[in-house]
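As stored in input08.cif (mmCIF, C-alpha atoms; chains and numbers go by the auth columns):
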data_coords
#
loop_
_atom_site.group_PDB
_atom_site.id
_atom_site.type_symbol
_atom_site.label_atom_id
_atom_site.label_comp_id
_atom_site.label_asym_id
_atom_site.label_seq_id
_atom_site.Cartn_x
_atom_site.Cartn_y
_atom_site.Cartn_z
_atom_site.B_iso_or_equiv
_atom_site.auth_seq_id
_atom_site.auth_asym_id
ATOM 1 C CA MET A 1 0.000 0.000 0.000 0.00 1 A
ATOM 2 C CA ALA A 2 3.051 2.261 -0.224 0.00 2 A
ATOM 3 C CA TYR A 3 1.818 4.080 -3.321 0.00 3 A
ATOM 4 C CA THR A 4 -1.701 4.840 -2.167 0.00 4 A
ATOM 5 C CA LEU A 5 -2.961 7.811 -0.142 0.00 5 A
ATOM 6 C CA THR A 6 -2.236 7.586 3.554 0.00 6 A
ATOM 7 C CA ILE A 7 -4.754 8.191 6.330 0.00 7 A
ATOM 8 C CA GLY A 8 -5.090 11.923 6.939 0.00 8 A
ATOM 9 C CA ALA A 9 -4.065 12.849 3.381 0.00 9 A
ATOM 10 C CA LYS A 10 -6.112 15.469 1.542 0.00 10 A
ATOM 11 C CA ALA A 11 -8.329 14.269 -1.303 0.00 11 A
ATOM 12 C CA PRO A 12 -6.672 15.074 -4.641 0.00 12 A
ATOM 13 C CA ALA A 13 -8.740 17.414 -6.782 0.00 13 A
ATOM 14 C CA PHE A 14 -10.281 16.224 -10.025 0.00 14 A
ATOM 15 C CA GLN A 15 -12.374 17.509 -12.902 0.00 15 A
ATOM 16 C CA LEU A 16 -13.727 14.618 -14.926 0.00 16 A
ATOM 17 C CA PRO A 17 -16.530 13.882 -17.400 0.00 17 A
ATOM 18 C CA ALA A 18 -19.426 11.715 -16.221 0.00 18 A
ATOM 19 C CA THR A 19 -21.743 9.318 -17.965 0.00 19 A
ATOM 20 C CA ASP A 20 -24.633 11.755 -17.342 0.00 20 A
ATOM 21 C CA GLY A 21 -23.063 14.295 -19.727 0.00 21 A
ATOM 22 C CA ASN A 22 -21.783 16.633 -16.995 0.00 22 A
ATOM 23 C CA THR A 23 -18.267 17.329 -15.765 0.00 23 A
ATOM 24 C CA TYR A 24 -17.656 17.131 -12.030 0.00 24 A
ATOM 25 C CA SER A 25 -14.980 18.446 -9.715 0.00 25 A
ATOM 26 C CA ILE A 26 -14.439 17.435 -6.119 0.00 26 A
ATOM 27 C CA ALA A 27 -16.048 20.729 -5.055 0.00 27 A
ATOM 28 C CA ASP A 28 -19.380 19.568 -6.520 0.00 28 A
ATOM 29 C CA PHE A 29 -19.717 17.053 -3.700 0.00 29 A
ATOM 30 C CA THR A 30 -20.595 18.936 -0.539 0.00 30 A
ATOM 31 C CA SER A 31 -21.921 16.327 1.871 0.00 31 A
ATOM 32 C CA GLU A 32 -20.279 15.712 5.239 0.00 32 A
ATOM 33 C CA TYR A 33 -18.495 12.636 3.892 0.00 33 A
ATOM 34 C CA LEU A 34 -17.272 11.663 0.450 0.00 34 A
ATOM 35 C CA VAL A 35 -16.683 8.141 -0.833 0.00 35 A
ATOM 36 C CA VAL A 36 -14.526 7.949 -3.964 0.00 36 A
ATOM 37 C CA PHE A 37 -14.153 4.490 -5.439 0.00 37 A
ATOM 38 C CA PHE A 38 -12.243 3.240 -8.418 0.00 38 A
ATOM 39 C CA THR A 39 -14.195 0.772 -10.507 0.00 39 A
ATOM 40 C CA CYS A 40 -14.672 -0.359 -14.100 0.00 40 A
ATOM 41 C CA ASN A 41 -17.062 -2.132 -16.451 0.00 41 A
ATOM 42 C CA HIS A 42 -15.742 -5.684 -16.578 0.00 42 A
ATOM 43 C CA CYS A 43 -13.903 -6.808 -13.435 0.00 43 A
ATOM 44 C CA PRO A 44 -15.587 -9.818 -11.770 0.00 44 A
ATOM 45 C CA TYR A 45 -14.900 -8.314 -8.334 0.00 45 A
ATOM 46 C CA VAL A 46 -16.766 -5.165 -9.381 0.00 46 A
ATOM 47 C CA LEU A 47 -19.594 -7.098 -11.032 0.00 47 A
ATOM 48 C CA GLY A 48 -19.896 -9.358 -8.009 0.00 48 A
ATOM 49 C CA SER A 49 -20.200 -6.488 -5.543 0.00 49 A
ATOM 50 C CA ASP A 50 -22.058 -3.782 -7.489 0.00 50 A
ATOM 51 C CA GLU A 51 -25.382 -4.579 -5.830 0.00 51 A
ATOM 52 C CA ILE A 52 -23.782 -4.563 -2.373 0.00 52 A
ATOM 53 C CA THR A 53 -22.314 -1.144 -3.195 0.00 53 A
ATOM 54 C CA ARG A 54 -25.761 -0.019 -4.398 0.00 54 A
ATOM 55 C CA GLU A 55 -27.254 -1.032 -1.023 0.00 55 A
ATOM 56 C CA THR A 56 -24.581 0.976 0.799 0.00 56 A
ATOM 57 C CA VAL A 57 -25.204 4.051 -1.355 0.00 57 A
ATOM 58 C CA LEU A 58 -28.967 3.848 -0.863 0.00 58 A
ATOM 59 C CA LYS A 59 -28.481 3.423 2.884 0.00 59 A
ATOM 60 C CA PHE A 60 -26.154 6.405 3.368 0.00 60 A
ATOM 61 C CA ARG A 61 -26.650 8.924 0.549 0.00 61 A
ATOM 62 C CA ASN A 62 -29.410 10.791 2.380 0.00 62 A
ATOM 63 C CA LYS A 63 -27.425 10.795 5.629 0.00 63 A
ATOM 64 C CA GLY A 64 -24.627 13.099 4.500 0.00 64 A
ATOM 65 C CA VAL A 65 -22.519 10.882 2.257 0.00 65 A
ATOM 66 C CA ASP A 66 -21.715 11.486 -1.429 0.00 66 A
ATOM 67 C CA PHE A 67 -20.541 8.616 -3.645 0.00 67 A
ATOM 68 C CA VAL A 68 -18.349 9.032 -6.716 0.00 68 A
ATOM 69 C CA ALA A 69 -17.164 6.169 -8.934 0.00 69 A
ATOM 70 C CA ILE A 70 -14.150 6.645 -11.203 0.00 70 A
ATOM 71 C CA ASN A 71 -13.082 4.397 -14.062 0.00 71 A
ATOM 72 C CA SER A 72 -9.373 4.887 -14.781 0.00 72 A
ATOM 73 C CA ASN A 73 -8.775 1.724 -16.790 0.00 73 A
ATOM 74 C CA SER A 74 -7.131 2.122 -20.197 0.00 74 A
ATOM 75 C CA ALA A 75 -9.550 1.413 -23.025 0.00 75 A
ATOM 76 C CA ASN A 76 -6.518 0.536 -25.159 0.00 76 A
ATOM 77 C CA THR A 77 -5.556 -2.154 -22.667 0.00 77 A
ATOM 78 C CA TYR A 78 -9.137 -3.244 -21.969 0.00 78 A
ATOM 79 C CA PRO A 79 -11.638 -2.019 -24.642 0.00 79 A
ATOM 80 C CA GLU A 80 -14.674 -2.899 -22.485 0.00 80 A
ATOM 81 C CA ASP A 81 -13.676 -0.051 -20.176 0.00 81 A
ATOM 82 C CA ASP A 82 -14.093 2.748 -22.723 0.00 82 A
ATOM 83 C CA PHE A 83 -16.462 5.649 -22.117 0.00 83 A
ATOM 84 C CA PRO A 84 -19.303 4.413 -24.398 0.00 84 A
ATOM 85 C CA HIS A 85 -19.392 1.152 -22.410 0.00 85 A
ATOM 86 C CA MET A 86 -19.522 3.192 -19.180 0.00 86 A
ATOM 87 C CA VAL A 87 -22.586 5.058 -20.481 0.00 87 A
ATOM 88 C CA GLU A 88 -24.221 1.780 -21.545 0.00 88 A
ATOM 89 C CA ARG A 89 -23.561 0.259 -18.137 0.00 89 A
ATOM 90 C CA MET A 90 -25.115 3.181 -16.276 0.00 90 A
ATOM 91 C CA ASP A 91 -28.122 3.212 -18.628 0.00 91 A
ATOM 92 C CA GLU A 92 -28.626 -0.500 -18.035 0.00 92 A
ATOM 93 C CA HIS A 93 -28.085 -0.657 -14.280 0.00 93 A
ATOM 94 C CA ARG A 94 -29.100 2.848 -13.120 0.00 94 A
ATOM 95 C CA PHE A 95 -26.527 2.850 -10.350 0.00 95 A
ATOM 96 C CA PRO A 96 -27.152 5.578 -7.729 0.00 96 A
ATOM 97 C CA TRP A 97 -23.707 7.144 -8.002 0.00 97 A
ATOM 98 C CA VAL A 98 -21.903 9.504 -10.358 0.00 98 A
ATOM 99 C CA TYR A 99 -19.639 7.582 -12.756 0.00 99 A
ATOM 100 C CA LEU A 100 -16.581 9.540 -13.905 0.00 100 A
ATOM 101 C CA HIS A 101 -14.013 8.790 -16.599 0.00 101 A
ATOM 102 C CA ASP A 102 -10.321 9.290 -15.837 0.00 102 A
ATOM 103 C CA GLU A 103 -9.002 8.787 -19.357 0.00 103 A
ATOM 104 C CA THR A 104 -5.500 10.116 -18.610 0.00 104 A
ATOM 105 C CA GLN A 105 -5.233 7.953 -15.461 0.00 105 A
ATOM 106 C CA GLU A 106 -3.828 10.978 -13.596 0.00 106 A
ATOM 107 C CA ILE A 107 -6.490 10.746 -10.887 0.00 107 A
ATOM 108 C CA ALA A 108 -5.857 7.046 -10.279 0.00 108 A
ATOM 109 C CA LEU A 109 -2.178 7.880 -9.862 0.00 109 A
ATOM 110 C CA ALA A 110 -2.945 10.816 -7.557 0.00 110 A
ATOM 111 C CA TYR A 111 -5.103 8.633 -5.297 0.00 111 A
ATOM 112 C CA GLY A 112 -2.863 5.600 -5.591 0.00 112 A
ATOM 113 C CA ALA A 113 -5.733 3.420 -6.754 0.00 113 A
ATOM 114 C CA LEU A 114 -4.521 -0.161 -6.702 0.00 114 A
ATOM 115 C CA LYS A 115 -7.518 -2.279 -7.635 0.00 115 A
ATOM 116 C CA THR A 116 -11.053 -2.276 -8.951 0.00 116 A
ATOM 117 C CA PRO A 117 -12.817 -1.777 -6.675 0.00 117 A
ATOM 118 C CA HIS A 118 -10.776 0.421 -4.299 0.00 118 A
ATOM 119 C CA PHE A 119 -12.583 2.718 -1.836 0.00 119 A
ATOM 120 C CA PHE A 120 -11.478 5.998 -0.262 0.00 120 A
ATOM 121 C CA VAL A 121 -13.589 7.704 2.434 0.00 121 A
ATOM 122 C CA PHE A 122 -13.002 11.376 3.242 0.00 122 A
ATOM 123 C CA ASN A 123 -14.361 13.556 6.052 0.00 123 A
ATOM 124 C CA LYS A 124 -15.775 17.098 5.792 0.00 124 A
ATOM 125 C CA GLU A 125 -12.249 18.533 5.509 0.00 125 A
ATOM 126 C CA ARG A 126 -11.712 15.984 2.730 0.00 126 A
ATOM 127 C CA LYS A 127 -9.033 14.192 4.659 0.00 127 A
ATOM 128 C CA LEU A 128 -8.775 10.433 4.223 0.00 128 A
ATOM 129 C CA VAL A 129 -10.279 8.440 7.102 0.00 129 A
ATOM 130 C CA TYR A 130 -10.586 5.000 5.440 0.00 130 A
ATOM 131 C CA THR A 131 -9.129 3.249 2.403 0.00 131 A
ATOM 132 C CA GLY A 132 -9.308 -0.303 1.103 0.00 132 A
ATOM 133 C CA ARG A 133 -12.047 -2.793 0.370 0.00 133 A
ATOM 134 C CA ALA A 134 -15.784 -2.410 0.808 0.00 134 A
ATOM 135 C CA VAL A 135 -16.402 -6.073 1.641 0.00 135 A
ATOM 136 C CA ASP A 136 -14.285 -9.154 2.288 0.00 136 A
ATOM 137 C CA SER A 137 -15.640 -11.192 -0.645 0.00 137 A
ATOM 138 C CA PRO A 138 -16.506 -8.842 -3.509 0.00 138 A
ATOM 139 C CA ARG A 139 -16.476 -11.521 -6.170 0.00 139 A
ATOM 140 C CA GLU A 140 -18.801 -13.865 -4.268 0.00 140 A
ATOM 141 C CA PRO A 141 -21.400 -11.834 -2.329 0.00 141 A
ATOM 142 C CA ALA A 142 -22.859 -14.952 -0.682 0.00 142 A
ATOM 143 C CA ARG A 143 -19.539 -15.365 1.162 0.00 143 A
ATOM 144 C CA ILE A 144 -19.359 -11.819 2.562 0.00 144 A
ATOM 145 C CA THR A 145 -18.817 -11.774 6.326 0.00 145 A
ATOM 146 C CA VAL A 146 -17.485 -8.217 6.732 0.00 146 A
ATOM 147 C CA ASN A 147 -18.683 -4.948 5.199 0.00 147 A
ATOM 148 C CA ASP A 148 -15.883 -2.505 5.996 0.00 148 A
ATOM 149 C CA LEU A 149 -17.457 0.361 4.070 0.00 149 A
ATOM 150 C CA ASN A 150 -20.770 0.144 5.937 0.00 150 A
ATOM 151 C CA ARG A 151 -18.980 -0.141 9.275 0.00 151 A
ATOM 152 C CA THR A 152 -16.800 2.874 8.481 0.00 152 A
ATOM 153 C CA LEU A 153 -19.767 5.050 7.494 0.00 153 A
ATOM 154 C CA GLU A 154 -21.811 3.940 10.502 0.00 154 A
ATOM 155 C CA GLU A 155 -18.933 4.822 12.827 0.00 155 A
ATOM 156 C CA LEU A 156 -18.431 8.217 11.217 0.00 156 A
ATOM 157 C CA LEU A 157 -22.116 9.107 11.325 0.00 157 A
ATOM 158 C CA ALA A 158 -22.226 8.097 14.995 0.00 158 A
ATOM 159 C CA GLY A 159 -19.359 10.509 15.702 0.00 159 A
ATOM 160 C CA LYS A 160 -16.889 7.714 16.377 0.00 160 A
ATOM 161 C CA LYS A 161 -13.343 7.208 15.195 0.00 161 A
ATOM 162 C CA VAL A 162 -12.957 4.703 12.357 0.00 162 A
ATOM 163 C CA SER A 163 -11.966 1.464 14.103 0.00 163 A
ATOM 164 C CA VAL A 164 -10.228 -0.090 11.071 0.00 164 A
ATOM 165 C CA PRO A 165 -9.025 2.739 8.810 0.00 165 A
ATOM 166 C CA LEU A 166 -6.934 0.619 6.443 0.00 166 A
ATOM 167 C CA THR A 167 -7.652 -2.647 4.642 0.00 167 A
ATOM 168 C CA ASN A 168 -6.270 -4.171 1.473 0.00 168 A
ATOM 169 C CA PRO A 169 -8.500 -3.637 -1.566 0.00 169 A
ATOM 170 C CA ILE A 170 -9.594 -6.885 -3.218 0.00 170 A
ATOM 171 C CA GLY A 171 -10.011 -6.933 -6.977 0.00 171 A
ATOM 172 C CA CYS A 172 -8.314 -6.603 -10.343 0.00 172 A
ATOM 173 C CA ASN A 173 -5.322 -4.375 -10.923 0.00 173 A
ATOM 174 C CA ILE A 174 -5.923 -1.027 -12.588 0.00 174 A
ATOM 175 C CA LYS A 175 -5.448 -1.510 -16.350 0.00 175 A
ATOM 176 C CA TRP A 176 -2.625 0.950 -17.066 0.00 176 A
ATOM 177 C CA GLU A 177 -2.040 2.444 -20.490 0.00 177 A
ATOM 178 C CA GLY A 178 0.657 0.635 -22.439 0.00 178 A
ATOM 179 C CA LYS A 179 0.357 -2.636 -20.546 0.00 179 A
ATOM 180 C CA ASP A 180 -0.137 -5.553 -22.906 0.00 180 A
ATOM 181 C CA ARG A 181 -2.879 -7.703 -21.476 0.00 181 A
ATOM 182 C CA LYS A 182 -1.490 -10.863 -23.059 0.00 182 A
ATOM 183 C CA TRP A 183 1.680 -10.529 -21.005 0.00 183 A
ATOM 184 C CA MET A 184 0.071 -9.145 -17.849 0.00 184 A
ATOM 185 C CA PRO A 185 -2.454 -11.756 -16.692 0.00 185 A
ATOM 186 C CA ASP A 186 -4.515 -10.236 -13.913 0.00 186 A
ATOM 187 C CA GLU A 187 -5.823 -12.982 -11.665 0.00 187 A
ATOM 188 C CA ALA A 188 -9.333 -13.893 -12.745 0.00 188 A
ATOM 189 C CA CYS A 189 -9.937 -10.654 -14.621 0.00 189 A
ATOM 190 C CA ASP A 190 -8.236 -11.750 -17.802 0.00 190 A
ATOM 191 C CA LEU A 191 -9.802 -15.172 -17.608 0.00 191 A
ATOM 192 C CA VAL A 192 -13.373 -13.856 -17.656 0.00 192 A
#
Could you quickly redo this structure as structure tokens?
Amino acid sequence: MAYTLTIGAKAPAFQLPATDGNTYSIADFTSEYLVVFFTCNHCPYVLGSDEITRETVLKFRNKGVDFVAINSNSANTYPEDDFPHMVERMDEHRFPWVYLHDETQEIALAYGALKTPHFFVFNKERKLVYTGRAVDSPREPARITVNDLNRTLEELLAGKKVSVPLTNPIGCNIKWEGKDRKWMPDEACDLV
């Protein structure tokens, strides 16, 4: 986790296009807490946990938490992750979050996003209070025993300190520009 944001770090700014046709900056999200998560269109860990993430968003979005998804995967490395597929995915699934496209991958680098999915929770001052996984079995929801994201948000909303501020994200590696997929097998992601 040496290359990812550390607890207490300020949220890096961004200005990115969304699937809804708008462009968003970090200043557009004004709730008490902000969850930024790096995701994509194809990863089995994302697909397996999307509905769990939806439940979390629906549970907390009216309690002072904004949710922002960012796809930083290279469409040249993984064509399914291009912007048109992002729009299709949001049209099909109607996810209750804003879905942003980080085509240059600069934002993924700034945050130190390691996997899809990878979650970052920021407080009102936009300082990092939690980073890592949302759940302990994102690919197989039936095997989930821990929901770290829910616990973190419940603790924050209750005025408590986050009891476990750092976990390892579980998922596929970010698909970086210039990486040849044939030579960079990525666990189950390239087998799907």
Enumerate, as a PyMOL selection string, the residues matched when the PyMOL selection byres ((chain A and resi 4-9) around 12) is run on the file above.
chain A and resi 1-3+10-12+107-115+118-132+162+164-169
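Within the 7 Å cut-off around region 16-30 of chain A, using only C-alpha atoms and omitting residues fewer than 5 positions from it on the same chain, the listed residues are Asp66, Met86, Val87, Val98, Tyr99, Leu100, His101 and Asp102 of chain A.
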Non-local contacts of Val57 (chain A) (10 Å; all atoms listed in the file; under 3 positions in same chain excluded) as an mmCIF file with C-alpha atoms, in the frame of the given file:
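Output contents, as saved in part_2.cif:
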data_model
loop_
_atom_site.group_PDB
_atom_site.id
_atom_site.type_symbol
_atom_site.label_atom_id
_atom_site.label_comp_id
_atom_site.auth_asym_id
_atom_site.auth_seq_id
_atom_site.Cartn_x
_atom_site.Cartn_y
_atom_site.Cartn_z
ATOM 1 C CA VAL A 35 -16.683 8.141 -0.833
ATOM 2 C CA GLU A 51 -25.382 -4.579 -5.830
ATOM 3 C CA ILE A 52 -23.782 -4.563 -2.373
ATOM 4 C CA THR A 53 -22.314 -1.144 -3.195
ATOM 5 C CA ARG A 54 -25.761 -0.019 -4.398
ATOM 6 C CA PHE A 60 -26.154 6.405 3.368
ATOM 7 C CA ARG A 61 -26.650 8.924 0.549
ATOM 8 C CA ASN A 62 -29.410 10.791 2.380
ATOM 9 C CA LYS A 63 -27.425 10.795 5.629
ATOM 10 C CA VAL A 65 -22.519 10.882 2.257
ATOM 11 C CA ASP A 66 -21.715 11.486 -1.429
ATOM 12 C CA PHE A 67 -20.541 8.616 -3.645
ATOM 13 C CA PHE A 95 -26.527 2.850 -10.350
ATOM 14 C CA PRO A 96 -27.152 5.578 -7.729
ATOM 15 C CA TRP A 97 -23.707 7.144 -8.002
ATOM 16 C CA ASN A 150 -20.770 0.144 5.937
#
Just checking: using all atoms listed in the file, which residue out of A:Asp136, A:Cys172, A:Tyr78, A:Thr152 ends up closest to Tyr33 (chain A)?
A:Thr152
Nearest to Glu154 (chain A), chosen from A:Pro141, A:Thr56, A:Pro117, A:Ile170, with only C-alpha atoms counted in the distances
A:Thr56
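CA of Leu47 (chain A) lies 15.4 Å from CA of Asp91 (chain A).
Taking CA of Glu80 (chain A) as the reference point, CA of His42 (chain A) is found at 6.6 Å.
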Given all atoms listed in the file as the basis, pick out the residue of A:Pro138, A:Ala75, A:Arg133, A:Pro84 nearest to Arg151 (chain A).
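Going through A:Pro138, A:Ala75, A:Arg133, A:Pro84 one by one, the smallest distance to Arg151 (chain A) is for A:Arg133.
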The residue from A:Arg139, A:Leu149, A:Glu177, A:Leu157 with the smallest atom-to-atom distance to Tyr45 (chain A), counting all atoms listed in the file, is A:Arg139
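From CA of Gln105 (chain A) back to CA of Ile70 (chain A), the distance works out to 10.0 Å.
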Would you compute an axis-aligned box for region 33-48 of chain A, covering every atom listed for it in the file with 8 Å of margin on each side, and report centre and edge lengths in Å to one decimal as AutoDock Vina command-line options?
--center_x -16.1 --center_y 1.4 --center_z -6.3 --size_x 23.7 --size_y 38.5 --size_z 36.5
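Shortest separation to Ala13 (chain A) among A:Leu58, A:Asp148, A:Trp176, A:Glu106 occurs at residue A:Glu106, atoms counted being only C-alpha atoms.
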